[in-house]
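Chemist: Next up, run_12.txt (compact mmCIF, C-alpha atoms).
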```txt
# COMPACT_ATOMS: atom_id res chain seq x y z
CA ARG A 1 20.28 -4.10 14.90
CA GLY A 2 19.42 -5.59 18.28
CA LEU A 3 23.12 -5.99 19.00
CA ALA A 4 23.72 -2.34 18.13
CA TYR A 5 20.94 -1.23 20.47
CA GLY A 6 22.36 -3.45 23.18
CA LYS A 7 25.82 -1.90 22.81
CA LYS A 8 24.26 1.54 23.09
CA GLY A 9 22.57 0.50 26.33
CA ASP A 10 19.06 0.55 24.87
CA THR A 11 18.15 -2.89 26.14
CA ASP A 12 14.40 -2.60 25.58
CA ARG A 13 14.81 -1.76 21.89
CA ALA A 14 17.36 -4.58 21.59
CA ILE A 15 14.85 -7.04 23.05
CA THR A 16 12.19 -5.77 20.64
CA ASP A 17 14.50 -6.46 17.70
CA PHE A 18 15.46 -9.89 19.03
CA ASN A 19 11.74 -10.67 19.39
CA LYS A 20 11.26 -9.78 15.72
CA ALA A 21 14.22 -11.94 14.71
CA ILE A 22 12.77 -14.88 16.64
CA ARG A 23 9.37 -14.39 14.99
CA LEU A 24 11.08 -14.39 11.58
CA ASP A 25 13.13 -17.51 12.37
CA PRO A 26 12.14 -19.39 15.53
CA GLU A 27 14.98 -21.86 14.92
CA TYR A 28 17.72 -19.17 15.05
CA ALA A 29 19.57 -20.05 18.24
CA ASN A 30 21.68 -16.90 18.28
CA ALA A 31 18.58 -14.69 18.49
CA PHE A 32 17.58 -16.46 21.70
CA ALA A 33 21.11 -16.26 23.07
CA THR A 34 21.45 -12.54 22.38
CA ARG A 35 18.00 -11.82 23.79
CA GLY A 36 19.08 -13.83 26.84
CA ASN A 37 22.06 -11.51 27.22
CA ALA A 38 19.75 -8.50 27.01
CA TYR A 39 17.48 -9.91 29.72
CA ALA A 40 20.51 -10.68 31.87
CA ASN A 41 21.72 -7.10 31.42
CA LYS A 42 18.34 -5.94 32.73
CA GLY A 43 18.73 -8.25 35.75
CA ASP A 44 15.96 -10.61 34.61
CA ASN A 45 17.97 -13.80 35.07
CA ASP A 46 14.96 -16.13 34.88
CA ARG A 47 14.00 -14.90 31.41
CA ALA A 48 17.67 -14.94 30.41
CA ILE A 49 17.99 -18.57 31.49
CA ALA A 50 14.84 -19.50 29.56
CA ASP A 51 16.31 -17.94 26.41
CA PHE A 52 19.69 -19.60 26.93
CA ASN A 53 17.88 -22.93 27.42
CA GLU A 54 16.16 -22.46 24.08
CA ALA A 55 19.41 -21.44 22.38
CA ILE A 56 21.08 -24.58 23.74
CA ARG A 57 18.14 -26.75 22.66
CA LEU A 58 18.48 -25.35 19.13
CA ASP A 59 22.29 -25.48 19.13
CA PRO A 60 23.57 -27.97 21.74
CA LYS A 61 27.20 -27.17 20.87
CA SER A 62 26.89 -23.47 21.69
CA SER A 63 29.59 -22.88 24.25
CA LEU A 64 28.71 -19.19 24.38
CA ALA A 65 25.08 -19.83 25.35
CA ARG A 66 26.23 -22.22 28.09
CA SER A 67 28.80 -19.77 29.39
CA ASN A 68 26.26 -16.94 29.43
CA ARG A 69 23.69 -19.15 31.14
CA GLY A 70 26.38 -19.82 33.72
CA VAL A 71 26.57 -16.07 34.38
CA ALA A 72 22.80 -15.91 34.88
CA TYR A 73 22.87 -18.89 37.26
CA GLY A 74 25.77 -17.32 39.14
CA ASN A 75 23.82 -14.07 39.46
CA LYS A 76 21.01 -16.07 41.04
CA GLY A 77 23.42 -17.75 43.46
CA ASP A 78 22.97 -21.17 41.85
CA TYR A 79 26.70 -21.90 41.81
CA ASP A 80 26.44 -25.63 41.07
CA ARG A 81 24.56 -24.97 37.84
CA ALA A 82 26.87 -22.09 36.97
CA ILE A 83 29.94 -24.32 37.40
CA ALA A 84 28.30 -27.07 35.34
CA ASP A 85 27.59 -24.63 32.51
CA TYR A 86 31.08 -23.14 32.55
CA SER A 87 32.59 -26.62 32.59
CA GLU A 88 30.48 -27.70 29.62
CA ALA A 89 31.34 -24.50 27.72
CA ILE A 90 35.02 -25.23 28.30
CA ARG A 91 34.59 -28.84 27.20
CA LEU A 92 32.87 -27.73 24.00
CA ASN A 93 35.49 -25.12 23.13
CA PRO A 94 38.54 -25.17 25.46
CA GLN A 95 40.79 -22.78 23.55
CA TYR A 96 38.27 -20.01 23.06
CA GLN A 97 36.63 -20.00 26.47
CA TRP A 98 38.98 -17.88 28.55
CA TRP A 99 35.98 -16.03 30.00
CA ALA A 100 34.36 -19.32 31.07
CA TYR A 101 37.53 -20.19 32.98
CA ARG A 102 37.57 -16.73 34.54
CA ASN A 103 33.87 -16.81 35.42
CA ARG A 104 34.14 -20.30 36.88
CA GLY A 105 37.16 -19.03 38.82
CA TYR A 106 34.96 -16.34 40.41
CA ILE A 107 32.49 -18.97 41.58
CA PHE A 108 35.26 -21.13 43.02
CA LEU A 109 36.80 -18.11 44.74
CA TYR A 110 33.47 -17.00 46.23
CA SER A 111 32.74 -20.51 47.47
CA GLY A 112 36.19 -20.92 49.06
CA SER A 113 37.70 -23.39 46.57
CA LEU A 114 40.91 -21.40 46.28
CA ALA A 115 43.05 -23.98 44.50
CA ARG A 116 40.38 -24.47 41.83
CA ALA A 117 39.96 -20.70 41.50
CA GLN A 118 43.71 -20.28 41.01
CA ALA A 119 43.78 -23.01 38.37
CA ASP A 120 40.94 -21.40 36.43
CA PHE A 121 42.34 -17.87 36.64
CA LYS A 122 45.73 -19.22 35.53
CA GLN A 123 44.13 -20.98 32.57
CA ALA A 124 42.21 -17.82 31.63
CA SER A 125 45.41 -15.81 31.86
CA ASP A 126 47.30 -18.35 29.76
CA LEU A 127 44.59 -18.26 27.07
CA ASP A 128 44.56 -14.44 27.02
CA PRO A 129 47.83 -13.17 28.50
CA ASN A 130 46.80 -9.55 27.88
CA ASP A 131 43.64 -9.79 30.00
CA ALA A 132 44.26 -7.66 33.07
CA TYR A 133 41.21 -9.02 34.88
CA SER A 134 42.45 -12.61 34.76
CA ALA A 135 45.87 -11.53 36.00
CA LEU A 136 44.33 -9.48 38.80
CA TRP A 137 41.95 -12.22 39.93
CA LEU A 138 44.75 -14.80 39.82
CA ASP A 139 46.80 -12.54 42.06
CA LEU A 140 43.89 -12.15 44.49
CA ALA A 141 43.29 -15.92 44.65
CA GLU A 142 47.00 -16.55 45.21
CA ARG A 143 47.22 -13.96 47.97
CA ARG A 144 44.08 -15.28 49.64
CA SER A 145 45.78 -18.69 49.66
CA GLY A 146 48.82 -17.22 51.39
CA LEU A 147 50.98 -17.41 48.28
CA THR A 148 53.02 -14.69 46.67
CA GLY A 149 50.98 -13.22 43.85
CA ARG A 150 52.37 -13.07 40.32
CA LEU A 151 50.78 -9.79 39.30
CA LYS A 152 54.18 -8.10 39.03
CA ASP A 153 55.19 -10.67 36.40
CA ALA A 154 52.03 -10.03 34.36
CA VAL A 155 52.33 -6.24 34.18
CA SER A 156 54.68 -6.30 31.19
CA ARG A 157 51.89 -7.92 29.13
CA LEU A 158 49.08 -5.62 30.29
CA ASP A 159 47.91 -2.32 28.86
CA MET A 160 48.48 -0.07 31.84
CA THR A 161 46.82 2.91 30.12
CA LYS A 162 43.24 1.62 30.49
CA TRP A 163 40.98 0.15 33.12
CA PRO A 164 41.61 -1.81 35.35
CA ALA A 165 45.18 -0.46 35.34
CA PRO A 166 44.56 1.72 38.43
CA VAL A 167 43.44 -1.34 40.36
CA VAL A 168 46.43 -3.33 39.14
CA SER A 169 48.70 -0.49 40.28
CA LEU A 170 46.99 -0.43 43.66
CA TYR A 171 47.62 -4.15 44.17
CA LEU A 172 51.23 -3.84 43.04
```
Kindly return the structure encoded in the file as structure tokens.

Modeler:
Amino acid sequence: RGLAYGKKGDTDRAITDFNKAIRLDPEYANAFATRGNAYANKGDNDRAIADFNEAIRLDPKSSLARSNRGVAYGNKGDYDRAIADYSEAIRLNPQYQWWAYRNRGYIFLYSGSLARAQADFKQASDLDPNDAYSALWLDLAERRSGLTGRLKDAVSRLDMTKWPAPVVSLYL
């Protein structure tokens, strides 16, 4: 139910339900991870990180908890820890972690590591060829590096009827 409240944007009720789930089963890693997401959505990155830490302690192979903790660290400007978490999430589950590649790509782009950003956005795009965001960010990293972007090549795979199609069109 906490997930449903979270999807509806009722973060406080979601947190209340996650609290109940944790009281019922304090060893349930996913309850900590989902409550961490709720705290992150509220902008409380410190509490989010604490919950992700507990989720990882309970389930050390949780690539999702590491990736989400990376988001919280990135929001705090702690890019080294964010990169470490994204890298570990990728190591734990390389084929399913397209968003970890994309998120790590953002950090590399923001910190000026353009070649590393391009590599991560390319990997994210390869893992999910229909993801318009990965294609768009890859194009931006390529252009910032003085290269010709490949966004035009990606358009045939993208759904140009939904967001961020207007942004893709603008960059084309």

Chemist: For A:Tyr106, work out the shell of residues within 9 Å, counting only C-alpha atoms and skipping chain neighbours fewer than 5 positions away, then give it as a PyMOL selection string.

Modeler: chain A and resi 101+111+117+120-121+137

Chemist: Residues as selected, C-alpha atoms, written as a PDB file, in the coordinates of the input, can you do that?

Modeler:
```
ATOM      1  CA  TYR A 101      37.530 -20.190  32.980  1.00  0.00           C
ATOM      2  CA  SER A 111      32.740 -20.510  47.470  1.00  0.00           C
ATOM      3  CA  ALA A 117      39.960 -20.700  41.500  1.00  0.00           C
ATOM      4  CA  ASP A 120      40.940 -21.400  36.430  1.00  0.00           C
ATOM      5  CA  PHE A 121      42.340 -17.870  36.640  1.00  0.00           C
ATOM      6  CA  TRP A 137      41.950 -12.220  39.930  1.00  0.00           C
TER       7      TRP A 137
END
```

Chemist: Please provide the set of residues having any atom within 12 Å of A:Asn19, restricted to only C-alpha atoms, with same-chain residues fewer than 3 positions apart removed, written as an mmCIF file with C-alpha atoms, keeping the file's coordinate frame.

Modeler:
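Full text of around09.cif as output:
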```cif
data_model
loop_
_atom_site.group_PDB
_atom_site.id
_atom_site.type_symbol
_atom_site.label_atom_id
_atom_site.label_comp_id
_atom_site.auth_asym_id
_atom_site.auth_seq_id
_atom_site.Cartn_x
_atom_site.Cartn_y
_atom_site.Cartn_z
ATOM 1 C CA ARG A 1 20.280 -4.100 14.900
ATOM 2 C CA GLY A 2 19.420 -5.590 18.280
ATOM 3 C CA ASP A 12 14.400 -2.600 25.580
ATOM 4 C CA ARG A 13 14.810 -1.760 21.890
ATOM 5 C CA ALA A 14 17.360 -4.580 21.590
ATOM 6 C CA ILE A 15 14.850 -7.040 23.050
ATOM 7 C CA THR A 16 12.190 -5.770 20.640
ATOM 8 C CA ILE A 22 12.770 -14.880 16.640
ATOM 9 C CA ARG A 23 9.370 -14.390 14.990
ATOM 10 C CA LEU A 24 11.080 -14.390 11.580
ATOM 11 C CA ASP A 25 13.130 -17.510 12.370
ATOM 12 C CA PRO A 26 12.140 -19.390 15.530
ATOM 13 C CA TYR A 28 17.720 -19.170 15.050
ATOM 14 C CA ASN A 30 21.680 -16.900 18.280
ATOM 15 C CA ALA A 31 18.580 -14.690 18.490
ATOM 16 C CA PHE A 32 17.580 -16.460 21.700
ATOM 17 C CA ALA A 33 21.110 -16.260 23.070
ATOM 18 C CA THR A 34 21.450 -12.540 22.380
ATOM 19 C CA ARG A 35 18.000 -11.820 23.790
ATOM 20 C CA GLY A 36 19.080 -13.830 26.840
ATOM 21 C CA ALA A 38 19.750 -8.500 27.010
ATOM 22 C CA TYR A 39 17.480 -9.910 29.720
ATOM 23 C CA ASP A 51 16.310 -17.940 26.410
#
```

Chemist: What is the distance, in Å and to one decimal place, between atom CA of A:Gly70 and atom CA of A:Ala84?

Modeler: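 Computing it gives 7.7 Å between the two atoms.
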
Chemist: In terms of the shortest atom-to-atom distance over all atoms listed in the file, which of A:Ala72, A:Leu127, A:Ile83, A:Leu92 is closest to A:Pro60?

Modeler: A:Leu92

Chemist: Around all of stretch 120-128 of chain A's listed atoms, make the axis-aligned box with 4 Å on each side and tell me centre and edge lengths in Å to one decimal, as lines of an AutoDock Vina configuration file.

Modeler:
```
center_x = 44.1
center_y = -17.9
center_z = 31.8
size_x = 14.4
size_y = 15.0
size_z = 17.6
```

Chemist: Just give me the gap between atom CA of A:Ala132 and atom CA of A:Lys162 in Å, one decimal is fine.

Modeler: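 Spanning atom CA of A:Ala132 to atom CA of A:Lys162 is a straight-line distance of 9.7 Å.
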
Chemist: What is the atom CA of A:Ala124-atom CA of A:Arg102 distance in Å, reported with one decimal?

Modeler: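 For atom CA of A:Ala124 relative to atom CA of A:Arg102, the distance reads 5.6 Å.
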
Chemist: Please check which residues have atoms at most 12 Å from (38.4, -16.7, 31.9) in the file's coordinates, counting all atoms listed in the file, and write them as a VMD selection string.

Modeler: chain A and resid 67 86 to 87 89 to 90 94 to 107 117 to 138

Chemist: Within 9 Å of A:Gly149, counting all atoms listed in the file, which residues show up once you throw out same-chain ones fewer than 3 positions away? Write them as a list in words, please.

Modeler: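 Final neighbour list, sorted by chain and number: Leu138, Asp139, Leu140, Ala141, Glu142, Arg143, Gly146, Lys152 and Asp153 of chain A.
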
Chemist: Between A:Val167, A:Ala115, A:Ala82, A:Val71, which residue has the minimum interatomic distance to A:Ala40, considering only C-alpha atoms?

Modeler: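 The shortest atom-to-atom distance to A:Ala40 comes from A:Val71.
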
Chemist: Residues at most 12 Å from A:Lys61, counting only C-alpha atoms, excluding those fewer than 3 positions away in the same chain, as a PDB file with C-alpha atoms, in the coordinates of the input?

Modeler:
```pdb
ATOM      1  CA  ALA A  29      19.570 -20.050  18.240  1.00  0.00           C
ATOM      2  CA  ASN A  30      21.680 -16.900  18.280  1.00  0.00           C
ATOM      3  CA  ALA A  55      19.410 -21.440  22.380  1.00  0.00           C
ATOM      4  CA  ILE A  56      21.080 -24.580  23.740  1.00  0.00           C
ATOM      5  CA  ARG A  57      18.140 -26.750  22.660  1.00  0.00           C
ATOM      6  CA  LEU A  58      18.480 -25.350  19.130  1.00  0.00           C
ATOM      7  CA  LEU A  64      28.710 -19.190  24.380  1.00  0.00           C
ATOM      8  CA  ALA A  65      25.080 -19.830  25.350  1.00  0.00           C
ATOM      9  CA  ARG A  66      26.230 -22.220  28.090  1.00  0.00           C
ATOM     10  CA  SER A  67      28.800 -19.770  29.390  1.00  0.00           C
ATOM     11  CA  ASP A  85      27.590 -24.630  32.510  1.00  0.00           C
ATOM     12  CA  GLU A  88      30.480 -27.700  29.620  1.00  0.00           C
ATOM     13  CA  ALA A  89      31.340 -24.500  27.720  1.00  0.00           C
ATOM     14  CA  ILE A  90      35.020 -25.230  28.300  1.00  0.00           C
ATOM     15  CA  ARG A  91      34.590 -28.840  27.200  1.00  0.00           C
ATOM     16  CA  LEU A  92      32.870 -27.730  24.000  1.00  0.00           C
ATOM     17  CA  ASN A  93      35.490 -25.120  23.130  1.00  0.00           C
TER      18      ASN A  93
END
```
